[in-house]
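What's in structure-v7.tsv: TSV, C-alpha atoms
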```tsv
chain	number	residue	atom	x	y	z
C	1	MET	CA	21.74	-8.28	5.64
C	2	ASN	CA	20.93	-4.92	7.14
C	3	ALA	CA	18.69	-1.99	6.45
C	4	GLY	CA	21.68	0.37	6.26
C	5	GLN	CA	21.40	3.21	3.86
C	6	GLY	CA	24.20	3.72	1.39
C	7	GLY	CA	24.94	7.32	0.62
C	8	LEU	CA	24.13	9.09	-2.60
C	9	GLY	CA	25.97	12.21	-3.64
C	10	PRO	CA	24.62	15.75	-3.61
C	11	PRO	CA	23.14	17.21	-6.80
C	12	ILE	CA	25.45	18.12	-9.66
C	13	ARG	CA	23.14	20.90	-10.88
C	14	THR	CA	20.19	22.68	-9.24
C	15	THR	CA	17.56	25.15	-10.45
C	16	GLN	CA	15.43	26.89	-7.84
C	17	ILE	CA	11.75	26.80	-8.76
C	18	HIS	CA	10.03	28.45	-5.81
C	19	ARG	CA	10.97	29.82	-2.40
C	20	GLY	CA	7.96	29.13	-0.23
C	21	VAL	CA	6.74	29.73	3.29
C	22	ILE	CA	7.50	26.20	4.54
C	23	VAL	CA	9.28	24.46	1.69
C	24	ASN	CA	11.48	25.48	-1.18
C	25	LEU	CA	11.03	23.65	-4.47
C	26	ARG	CA	13.97	22.94	-6.78
C	27	SER	CA	14.85	20.75	-9.72
C	28	SER	CA	18.17	18.95	-9.33
C	29	ASP	CA	20.28	16.54	-11.35
C	30	TYR	CA	22.00	13.67	-9.55
C	31	ARG	CA	24.66	11.26	-10.80
C	32	ARG	CA	24.06	7.70	-9.63
C	33	PRO	CA	26.91	5.32	-8.80
C	34	ASP	CA	26.44	3.66	-12.23
C	35	GLY	CA	26.94	7.03	-13.96
C	36	THR	CA	23.31	7.60	-14.93
C	37	VAL	CA	22.11	11.18	-14.44
C	38	VAL	CA	18.55	11.60	-13.18
C	39	THR	CA	16.51	14.77	-12.63
C	40	ARG	CA	14.35	15.12	-9.53
C	41	GLU	CA	11.99	17.78	-8.23
C	42	VAL	CA	12.85	18.14	-4.57
C	43	MET	CA	11.19	20.08	-1.76
C	44	ASP	CA	13.66	21.29	0.84
C	45	HIS	CA	12.48	21.25	4.45
C	46	PRO	CA	14.53	22.02	7.59
C	47	GLY	CA	13.33	18.89	9.41
C	48	ALA	CA	10.87	18.46	12.25
C	49	VAL	CA	10.07	16.78	15.54
C	50	VAL	CA	7.13	14.75	16.79
C	51	ILE	CA	6.61	14.23	20.51
C	52	VAL	CA	4.88	11.38	22.39
C	53	PRO	CA	3.95	13.05	25.71
C	54	VAL	CA	2.78	10.52	28.30
C	55	GLU	CA	1.19	11.90	31.48
C	56	ASP	CA	-0.40	9.66	34.11
C	57	ASP	CA	-2.69	7.29	32.20
C	58	HIS	CA	-3.00	9.26	28.97
C	59	VAL	CA	-1.09	10.54	25.96
C	60	LEU	CA	-1.49	14.18	24.95
C	61	LEU	CA	-2.78	14.73	21.42
C	62	VAL	CA	-3.85	17.86	19.58
C	63	ARG	CA	-6.77	18.37	17.24
C	64	GLN	CA	-6.18	21.08	14.67
C	65	PRO	CA	-7.36	22.30	11.28
C	66	ARG	CA	-5.22	21.03	8.39
C	67	GLU	CA	-6.39	23.06	5.45
C	68	ALA	CA	-4.31	21.15	2.88
C	69	VAL	CA	-6.35	17.99	3.47
C	70	GLU	CA	-9.57	19.85	4.40
C	71	GLU	CA	-9.91	18.08	7.76
C	72	PHE	CA	-9.42	18.60	11.46
C	73	THR	CA	-6.84	15.95	12.30
C	74	LEU	CA	-5.82	14.35	15.57
C	75	GLU	CA	-2.03	14.42	15.87
C	76	LEU	CA	0.81	14.18	18.32
C	77	PRO	CA	2.42	17.56	19.13
C	78	ALA	CA	4.96	18.40	16.45
C	79	GLY	CA	6.73	21.22	14.73
C	80	LYS	CA	9.49	22.08	12.36
C	81	LEU	CA	13.05	23.02	13.20
C	82	ASP	CA	13.80	26.75	13.12
C	83	ALA	CA	16.73	25.92	10.85
C	84	PRO	CA	18.34	22.71	9.57
C	85	GLY	CA	21.01	22.97	12.27
C	86	GLU	CA	18.73	23.37	15.30
C	87	ASP	CA	19.07	20.72	18.02
C	88	PRO	CA	15.93	18.57	17.57
C	89	LEU	CA	15.54	18.26	21.35
C	90	ASP	CA	15.47	22.07	21.74
C	91	CYS	CA	12.75	22.15	19.10
C	92	ALA	CA	10.83	19.38	20.88
C	93	ARG	CA	10.94	21.27	24.20
C	94	ARG	CA	9.61	24.40	22.49
C	95	GLU	CA	6.81	22.62	20.65
C	96	LEU	CA	5.72	20.68	23.75
C	97	ALA	CA	5.37	23.98	25.63
C	98	GLU	CA	3.68	25.85	22.77
C	99	GLU	CA	1.25	23.16	21.72
C	100	VAL	CA	0.20	21.50	24.98
C	101	GLY	CA	1.64	23.77	27.70
C	102	ARG	CA	3.94	21.16	29.21
C	103	ALA	CA	7.60	20.73	30.14
C	104	ALA	CA	9.14	17.28	30.45
C	105	ALA	CA	11.83	16.18	32.91
C	106	THR	CA	12.56	13.00	30.93
C	107	TRP	CA	13.15	12.79	27.19
C	108	ARG	CA	13.96	9.72	25.14
C	109	ASP	CA	14.89	9.49	21.47
C	110	MET	CA	12.52	7.06	19.71
C	111	GLY	CA	14.27	7.23	16.32
C	112	GLY	CA	13.44	9.20	13.23
C	113	PHE	CA	12.25	8.87	9.67
C	114	TYR	CA	11.87	10.62	6.34
C	115	THR	CA	8.33	11.82	5.67
C	116	ALA	CA	8.42	11.24	1.90
C	117	PRO	CA	11.96	10.44	0.71
C	118	ALA	CA	11.01	10.52	-2.97
C	119	ILE	CA	10.18	14.21	-2.96
C	120	LEU	CA	10.81	15.89	0.39
C	121	THR	CA	14.01	16.26	2.44
C	122	GLU	CA	12.09	16.44	5.74
C	123	PHE	CA	13.43	14.13	8.47
C	124	ILE	CA	11.29	13.86	11.61
C	125	HIS	CA	12.90	13.14	14.98
C	126	CYS	CA	10.56	11.32	17.39
C	127	PHE	CA	10.86	11.77	21.16
C	128	MET	CA	8.97	10.35	24.10
C	129	ALA	CA	8.39	12.96	26.83
C	130	THR	CA	7.53	11.88	30.38
C	131	ASP	CA	7.57	13.33	33.90
C	132	LEU	CA	5.51	16.24	32.63
C	133	SER	CA	4.61	19.47	34.38
C	134	GLU	CA	2.50	22.41	33.30
C	135	VAL	CA	4.08	25.58	31.97
C	136	THR	CA	2.26	28.85	31.48
C	137	GLY	CA	2.79	32.03	29.53
C	138	VAL	CA	4.05	30.34	26.40
C	139	ALA	CA	2.73	32.07	23.30
C	140	ALA	CA	1.50	29.71	20.64
C	141	ASP	CA	2.22	30.45	17.01
C	142	GLU	CA	0.00	32.96	15.30
C	143	ASP	CA	-3.13	31.39	13.78
C	144	GLU	CA	-2.69	28.06	15.57
C	145	ALA	CA	-6.13	26.79	16.52
C	146	ILE	CA	-5.23	23.81	18.65
C	147	GLU	CA	-7.41	21.77	20.98
C	148	ILE	CA	-5.59	19.53	23.47
C	149	VAL	CA	-6.97	15.97	23.76
C	150	GLU	CA	-5.99	13.76	26.71
C	151	TRP	CA	-6.26	10.31	25.17
C	152	PRO	CA	-6.47	7.36	27.65
C	153	LEU	CA	-3.68	4.80	27.22
C	154	ARG	CA	-6.20	1.97	27.74
C	155	ARG	CA	-7.82	3.12	24.47
C	156	LEU	CA	-4.54	3.52	22.58
C	157	GLY	CA	-5.64	0.88	20.04
C	158	ASP	CA	-8.66	3.00	19.11
C	159	ALA	CA	-6.39	5.96	18.35
C	160	ILE	CA	-4.11	3.76	16.24
C	161	ASP	CA	-7.15	2.55	14.29
C	162	SER	CA	-8.44	6.03	13.58
C	163	VAL	CA	-5.67	8.63	13.32
C	164	ARG	CA	-4.80	9.54	9.75
C	165	ASP	CA	-1.48	11.37	10.17
C	166	ALA	CA	1.67	9.37	9.38
C	167	LYS	CA	4.00	10.76	12.05
C	168	THR	CA	1.28	10.35	14.70
C	169	LEU	CA	0.65	6.73	13.69
C	170	ILE	CA	4.36	5.99	14.00
C	171	GLY	CA	4.60	7.62	17.42
C	172	LEU	CA	1.53	5.80	18.76
C	173	LEU	CA	2.55	2.42	17.29
C	174	ARG	CA	5.98	2.81	18.88
C	175	LEU	CA	4.39	3.80	22.19
C	176	GLU	CA	2.11	0.73	22.15
C	177	ARG	CA	5.12	-1.45	21.37
C	178	GLU	CA	7.08	-0.04	24.31
C	179	LEU	CA	4.17	-0.30	26.73
C	180	ARG	CA	3.80	-3.94	25.75
C	181	ALA	CA	7.52	-4.62	26.16
C	182	GLY	CA	7.39	-3.01	29.59
C	183	ALA	CA	4.20	-4.78	30.67
Q	1	MET	CA	-14.26	10.88	22.59
Q	2	ASN	CA	-13.15	9.76	19.17
Q	3	ALA	CA	-10.44	10.54	16.69
Q	4	GLY	CA	-12.99	11.48	14.04
Q	5	GLN	CA	-11.98	14.19	11.66
Q	6	GLY	CA	-14.35	17.09	11.20
Q	7	GLY	CA	-14.44	18.45	7.69
Q	8	LEU	CA	-12.99	21.74	6.57
Q	9	GLY	CA	-14.22	23.45	3.43
Q	10	PRO	CA	-12.36	23.71	0.11
Q	11	PRO	CA	-10.28	26.82	-0.63
Q	12	ILE	CA	-12.08	30.09	-1.37
Q	13	ARG	CA	-9.23	31.31	-3.61
Q	14	THR	CA	-6.30	29.51	-5.25
Q	15	THR	CA	-3.21	30.66	-7.14
Q	16	GLN	CA	-1.19	28.03	-8.99
Q	17	ILE	CA	2.53	28.38	-8.29
Q	18	HIS	CA	4.09	25.49	-10.16
Q	19	ARG	CA	2.95	22.47	-12.15
Q	20	GLY	CA	5.52	19.81	-11.44
Q	21	VAL	CA	6.38	16.26	-12.41
Q	22	ILE	CA	4.95	14.65	-9.26
Q	23	VAL	CA	3.31	17.46	-7.33
Q	24	ASN	CA	1.64	20.75	-8.15
Q	25	LEU	CA	2.24	23.64	-5.79
Q	26	ARG	CA	-0.46	26.23	-5.11
Q	27	SER	CA	-1.28	28.96	-2.61
Q	28	SER	CA	-4.85	28.80	-1.32
Q	29	ASP	CA	-7.01	30.79	1.09
Q	30	TYR	CA	-9.36	28.85	3.42
Q	31	ARG	CA	-12.15	30.15	5.63
Q	32	ARG	CA	-12.22	28.42	9.02
Q	33	PRO	CA	-15.47	27.70	10.88
Q	34	ASP	CA	-14.81	30.77	13.09
Q	35	GLY	CA	-14.58	33.01	10.00
Q	36	THR	CA	-10.80	33.49	10.04
Q	37	VAL	CA	-9.20	33.32	6.60
Q	38	VAL	CA	-5.79	31.62	6.44
Q	39	THR	CA	-3.41	31.22	3.50
Q	40	ARG	CA	-1.64	27.92	2.94
Q	41	GLU	CA	0.91	26.67	0.42
Q	42	VAL	CA	-0.35	23.24	-0.61
Q	43	MET	CA	1.21	20.52	-2.74
Q	44	ASP	CA	-1.38	18.49	-4.64
Q	45	HIS	CA	-0.66	14.78	-5.01
Q	46	PRO	CA	-2.96	12.11	-6.50
Q	47	GLY	CA	-2.48	9.72	-3.56
Q	48	ALA	CA	-0.47	6.53	-3.28
Q	49	VAL	CA	-0.35	2.95	-2.04
Q	50	VAL	CA	2.09	1.01	0.11
Q	51	ILE	CA	2.05	-2.77	0.11
Q	52	VAL	CA	3.11	-5.25	2.83
Q	53	PRO	CA	3.84	-8.41	0.80
Q	54	VAL	CA	4.28	-11.47	3.03
Q	55	GLU	CA	5.64	-14.62	1.38
Q	56	ASP	CA	6.53	-17.74	3.37
Q	57	ASP	CA	8.68	-16.53	6.28
Q	58	HIS	CA	9.68	-13.13	4.87
Q	59	VAL	CA	8.37	-9.73	3.85
Q	60	LEU	CA	9.44	-8.30	0.50
Q	61	LEU	CA	11.22	-4.95	0.66
Q	62	VAL	CA	12.96	-2.88	-1.98
Q	63	ARG	CA	16.20	-0.94	-1.75
Q	64	GLN	CA	16.34	2.03	-4.07
Q	65	PRO	CA	18.09	5.35	-4.59
Q	66	ARG	CA	16.17	8.32	-3.17
Q	67	GLU	CA	17.99	11.30	-4.56
Q	68	ALA	CA	15.99	13.87	-2.55
Q	69	VAL	CA	17.47	12.56	0.71
Q	70	GLU	CA	20.78	11.43	-0.85
Q	71	GLU	CA	20.42	7.84	0.40
Q	72	PHE	CA	19.56	4.36	-0.75
Q	73	THR	CA	16.53	3.55	1.39
Q	74	LEU	CA	14.87	0.28	2.32
Q	75	GLU	CA	11.14	0.54	1.74
Q	76	LEU	CA	8.00	-1.47	1.23
Q	77	PRO	CA	6.82	-1.57	-2.40
Q	78	ALA	CA	4.77	1.55	-3.12
Q	79	GLY	CA	3.69	3.86	-5.85
Q	80	LYS	CA	1.40	6.70	-6.68
Q	81	LEU	CA	-2.06	6.52	-8.18
Q	82	ASP	CA	-2.25	7.22	-11.91
Q	83	ALA	CA	-4.95	9.78	-11.12
Q	84	PRO	CA	-6.84	10.84	-7.97
Q	85	GLY	CA	-9.78	8.60	-8.97
Q	86	GLU	CA	-7.84	5.36	-9.55
Q	87	ASP	CA	-8.92	2.38	-7.42
Q	88	PRO	CA	-6.09	2.07	-4.86
Q	89	LEU	CA	-6.22	-1.74	-5.10
Q	90	ASP	CA	-5.65	-1.61	-8.87
Q	91	CYS	CA	-2.65	0.59	-8.19
Q	92	ALA	CA	-1.38	-1.81	-5.52
Q	93	ARG	CA	-1.62	-4.80	-7.92
Q	94	ARG	CA	0.34	-2.87	-10.55
Q	95	GLU	CA	3.06	-1.72	-8.15
Q	96	LEU	CA	3.47	-5.18	-6.60
Q	97	ALA	CA	4.05	-6.62	-10.08
Q	98	GLU	CA	6.34	-3.81	-11.25
Q	99	GLU	CA	8.47	-3.52	-8.15
Q	100	VAL	CA	8.84	-7.08	-6.89
Q	101	GLY	CA	7.42	-9.23	-9.72
Q	102	ARG	CA	4.59	-10.73	-7.67
Q	103	ALA	CA	0.83	-11.17	-7.87
Q	104	ALA	CA	-1.24	-11.72	-4.72
Q	105	ALA	CA	-4.35	-13.91	-4.38
Q	106	THR	CA	-5.27	-12.28	-1.05
Q	107	TRP	CA	-5.40	-8.54	-0.33
Q	108	ARG	CA	-6.40	-6.84	2.87
Q	109	ASP	CA	-6.89	-3.14	3.57
Q	110	MET	CA	-4.68	-2.10	6.52
Q	111	GLY	CA	-5.97	1.49	6.64
Q	112	GLY	CA	-4.48	4.67	5.30
Q	113	PHE	CA	-2.90	7.94	6.34
Q	114	TYR	CA	-1.85	11.38	5.19
Q	115	THR	CA	1.88	11.69	4.56
Q	116	ALA	CA	2.19	15.32	5.71
Q	117	PRO	CA	-1.25	16.89	6.24
Q	118	ALA	CA	0.15	20.37	6.86
Q	119	ILE	CA	1.49	20.76	3.33
Q	120	LEU	CA	0.69	17.78	1.08
Q	121	THR	CA	-2.64	16.29	0.00
Q	122	GLU	CA	-1.14	12.80	-0.44
Q	123	PHE	CA	-3.14	10.01	1.23
Q	124	ILE	CA	-1.47	6.58	1.27
Q	125	HIS	CA	-3.59	3.42	1.25
Q	126	CYS	CA	-1.87	0.47	2.96
Q	127	PHE	CA	-2.56	-3.12	1.89
Q	128	MET	CA	-1.28	-6.47	3.05
Q	129	ALA	CA	-0.68	-8.87	0.15
Q	130	THR	CA	-0.46	-12.62	0.78
Q	131	ASP	CA	-0.71	-15.88	-1.21
Q	132	LEU	CA	1.90	-14.52	-3.59
Q	133	SER	CA	3.03	-15.93	-6.94
Q	134	GLU	CA	5.67	-14.79	-9.37
Q	135	VAL	CA	4.76	-12.82	-12.47
Q	136	THR	CA	7.10	-12.17	-15.37
Q	137	GLY	CA	7.31	-9.74	-18.23
Q	138	VAL	CA	6.21	-6.71	-16.26
Q	139	ALA	CA	8.14	-3.62	-17.30
Q	140	ALA	CA	9.35	-1.52	-14.42
Q	141	ASP	CA	9.23	2.25	-14.71
Q	142	GLU	CA	11.99	3.93	-16.62
Q	143	ASP	CA	15.00	4.76	-14.43
Q	144	GLU	CA	13.84	2.61	-11.51
Q	145	ALA	CA	16.89	1.01	-9.96
Q	146	ILE	CA	15.30	-1.36	-7.50
Q	147	GLU	CA	16.85	-4.24	-5.59
Q	148	ILE	CA	14.42	-6.72	-4.00
Q	149	VAL	CA	15.21	-7.69	-0.40
Q	150	GLU	CA	13.55	-10.74	1.20
Q	151	TRP	CA	13.52	-9.75	4.86
Q	152	PRO	CA	12.98	-12.60	7.39
Q	153	LEU	CA	9.94	-12.13	9.62
Q	154	ARG	CA	11.92	-13.39	12.61
Q	155	ARG	CA	14.08	-10.26	12.21
Q	156	LEU	CA	11.16	-7.87	11.71
Q	157	GLY	CA	12.18	-5.91	14.82
Q	158	ASP	CA	15.57	-5.16	13.26
Q	159	ALA	CA	13.87	-3.67	10.20
Q	160	ILE	CA	11.58	-1.57	12.39
Q	161	ASP	CA	14.65	-0.28	14.25
Q	162	SER	CA	16.50	0.71	11.11
Q	163	VAL	CA	14.19	1.71	8.26
Q	164	ARG	CA	13.91	5.46	7.81
Q	165	ASP	CA	10.88	5.80	5.55
Q	166	ALA	CA	7.59	6.75	7.23
Q	167	LYS	CA	5.16	4.65	5.16
Q	168	THR	CA	7.44	1.60	5.50
Q	169	LEU	CA	7.66	2.02	9.27
Q	170	ILE	CA	3.87	2.16	9.49
Q	171	GLY	CA	3.44	-0.94	7.32
Q	172	LEU	CA	6.02	-2.95	9.30
Q	173	LEU	CA	4.72	-1.81	12.70
Q	174	ARG	CA	1.21	-2.82	11.64
Q	175	LEU	CA	2.50	-6.16	10.37
Q	176	GLU	CA	4.30	-6.86	13.67
Q	177	ARG	CA	1.13	-5.96	15.55
Q	178	GLU	CA	-0.97	-8.36	13.48
Q	179	LEU	CA	1.54	-11.19	13.70
Q	180	ARG	CA	1.50	-10.80	17.48
Q	181	ALA	CA	-2.31	-10.71	17.61
Q	182	GLY	CA	-2.39	-13.87	15.50
Q	183	ALA	CA	0.36	-15.63	17.44
```

Can you dump the structure from the file as structure tokens?
Amino acid sequence: MNAGQGGLGPPIRTTQIHRGVIVNLRSSDYRRPDGTVVTREVMDHPGAVVIVPVEDDHVLLVRQPREAVEEFTLELPAGKLDAPGEDPLDCARRELAEEVGRAAATWRDMGGFYTAPAILTEFIHCFMATDLSEVTGVAADEDEAIEIVEWPLRRLGDAIDSVRDAKTLIGLLRLERELRAGA
Amino acid sequence: MNAGQGGLGPPIRTTQIHRGVIVNLRSSDYRRPDGTVVTREVMDHPGAVVIVPVEDDHVLLVRQPREAVEEFTLELPAGKLDAPGEDPLDCARRELAEEVGRAAATWRDMGGFYTAPAILTEFIHCFMATDLSEVTGVAADEDEAIEIVEWPLRRLGDAIDSVRDAKTLIGLLRLERELRAGA
């Protein structure tokens, strides 16, 4: 028994519905291995990264306005790939600099996941970043209103109990798991 | 310091872009506390549940085709609310019966999270379901092609290392955490 994912073929017919700022929406028909044809509305996304930056005795989080859910949310630094083919690590380096003003000498791949595999193609690559140093002069994206939060590792459980963003929960749960394994 | 989420107001202007099968897509303008007006493309979703069903020495997973990402994925049972106002626990009972043919005598709220707060309103409520019994005669949704997988708890770490669905990772990481706390 394993969790391995069998492949499914690409769509046999696609109609574009909307070309958006972040996602494109399409309706596609797929033929399943048993021959059945199903229609799915799919949002195309280039993919993204989420970073777990650990510095001294804290993890760096960002608090930012998320208009879609009408809340300021506490999240790990993250961002989307410039294009589907971009090296996720290049993207992670850029986002770490833009969002929290840091460079990392050590990077480690913590695995990845689909955000919402029923409707969205987005795959998020998760990296731990350590041996951090400050960088300056990096221009953040237009209209980003980000507050950096240095969250103490000794209170990591409190963050896990209260953050409400899926990718951040995964990153912090994985971090807690690794800290425990290393303790 | 806390992870608390400050509120942001509702949109001041909205244009519907597409009314879809699962999500509606709109473009909305929001006024931030500092007066700035930003435009966001937002996908409206009624919300969803994910269930961690523990039975004897295993957790019940489902393997199913996810056309959007062109894979069969291994996931916890889940499903969307019939409407934004539906009681999430009612939804969880229904999905547990439909997807894995079980009823649960004990339910516990494990918290919830936004799937992708930058673009999607979906909030997923996570429940642990225990004291399970089999139910019969429940009709699964049309075109669901679901295989039930009884995953041994002693190999929970293997599932955490290999599943690629965000809500499933969160549910399994939380389960591992609780099993450890109870051990």

Please, which residues of chain C lie no more than 6 Å from chain Q when the count uses all atoms listed in the file, and can they be set out as a tab-separated table (two decimals) with C-alpha atoms, keeping the file's coordinate frame?
```
chain	number	residue	atom	x	y	z
C	3	ALA	CA	18.69	-1.99	6.45
C	5	GLN	CA	21.40	3.21	3.86
C	6	GLY	CA	24.20	3.72	1.39
C	7	GLY	CA	24.94	7.32	0.62
C	8	LEU	CA	24.13	9.09	-2.60
C	9	GLY	CA	25.97	12.21	-3.64
C	42	VAL	CA	12.85	18.14	-4.57
C	66	ARG	CA	-5.22	21.03	8.39
C	68	ALA	CA	-4.31	21.15	2.88
C	69	VAL	CA	-6.35	17.99	3.47
C	70	GLU	CA	-9.57	19.85	4.40
C	71	GLU	CA	-9.91	18.08	7.76
C	72	PHE	CA	-9.42	18.60	11.46
C	73	THR	CA	-6.84	15.95	12.30
C	113	PHE	CA	12.25	8.87	9.67
C	114	TYR	CA	11.87	10.62	6.34
C	115	THR	CA	8.33	11.82	5.67
C	117	PRO	CA	11.96	10.44	0.71
C	118	ALA	CA	11.01	10.52	-2.97
C	119	ILE	CA	10.18	14.21	-2.96
C	121	THR	CA	14.01	16.26	2.44
C	162	SER	CA	-8.44	6.03	13.58
C	164	ARG	CA	-4.80	9.54	9.75
C	165	ASP	CA	-1.48	11.37	10.17
C	166	ALA	CA	1.67	9.37	9.38
C	170	ILE	CA	4.36	5.99	14.00
```

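If you look at CA of Gly79 in chain C and CA of Glu98 in chain C, they are 9.8 Å away from each other.
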
* Asked: By how many Å are CA of His45 in chain Q and CA of Pro84 in chain Q apart?
  ->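 Between CA of His45 in chain Q and CA of Pro84 in chain Q the gap works out to 7.9 Å.
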
* Asked: In Å to one decimal, how far is CA of Glu99 in chain Q from CA of Val59 in chain Q?
  ->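 One can read the CA of Val59 in chain Q to CA of Glu99 in chain Q distance as 13.5 Å.
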
* 10 Å contact set for Thr136 in chain Q, all atoms listed in the file, chain neighbours under 4 positions out, as a list in words ->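 In the requested form, the answer reads Ala97, Glu98, Gly101, Arg102 and Ala103 of chain Q.
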
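Of the listed residues Q:Ile51, Q:Val100, Q:Leu89, Q:Leu81, the one whose atoms come nearest to Glu147 in chain Q is Q:Val100, with distances taken using all atoms listed in the file.
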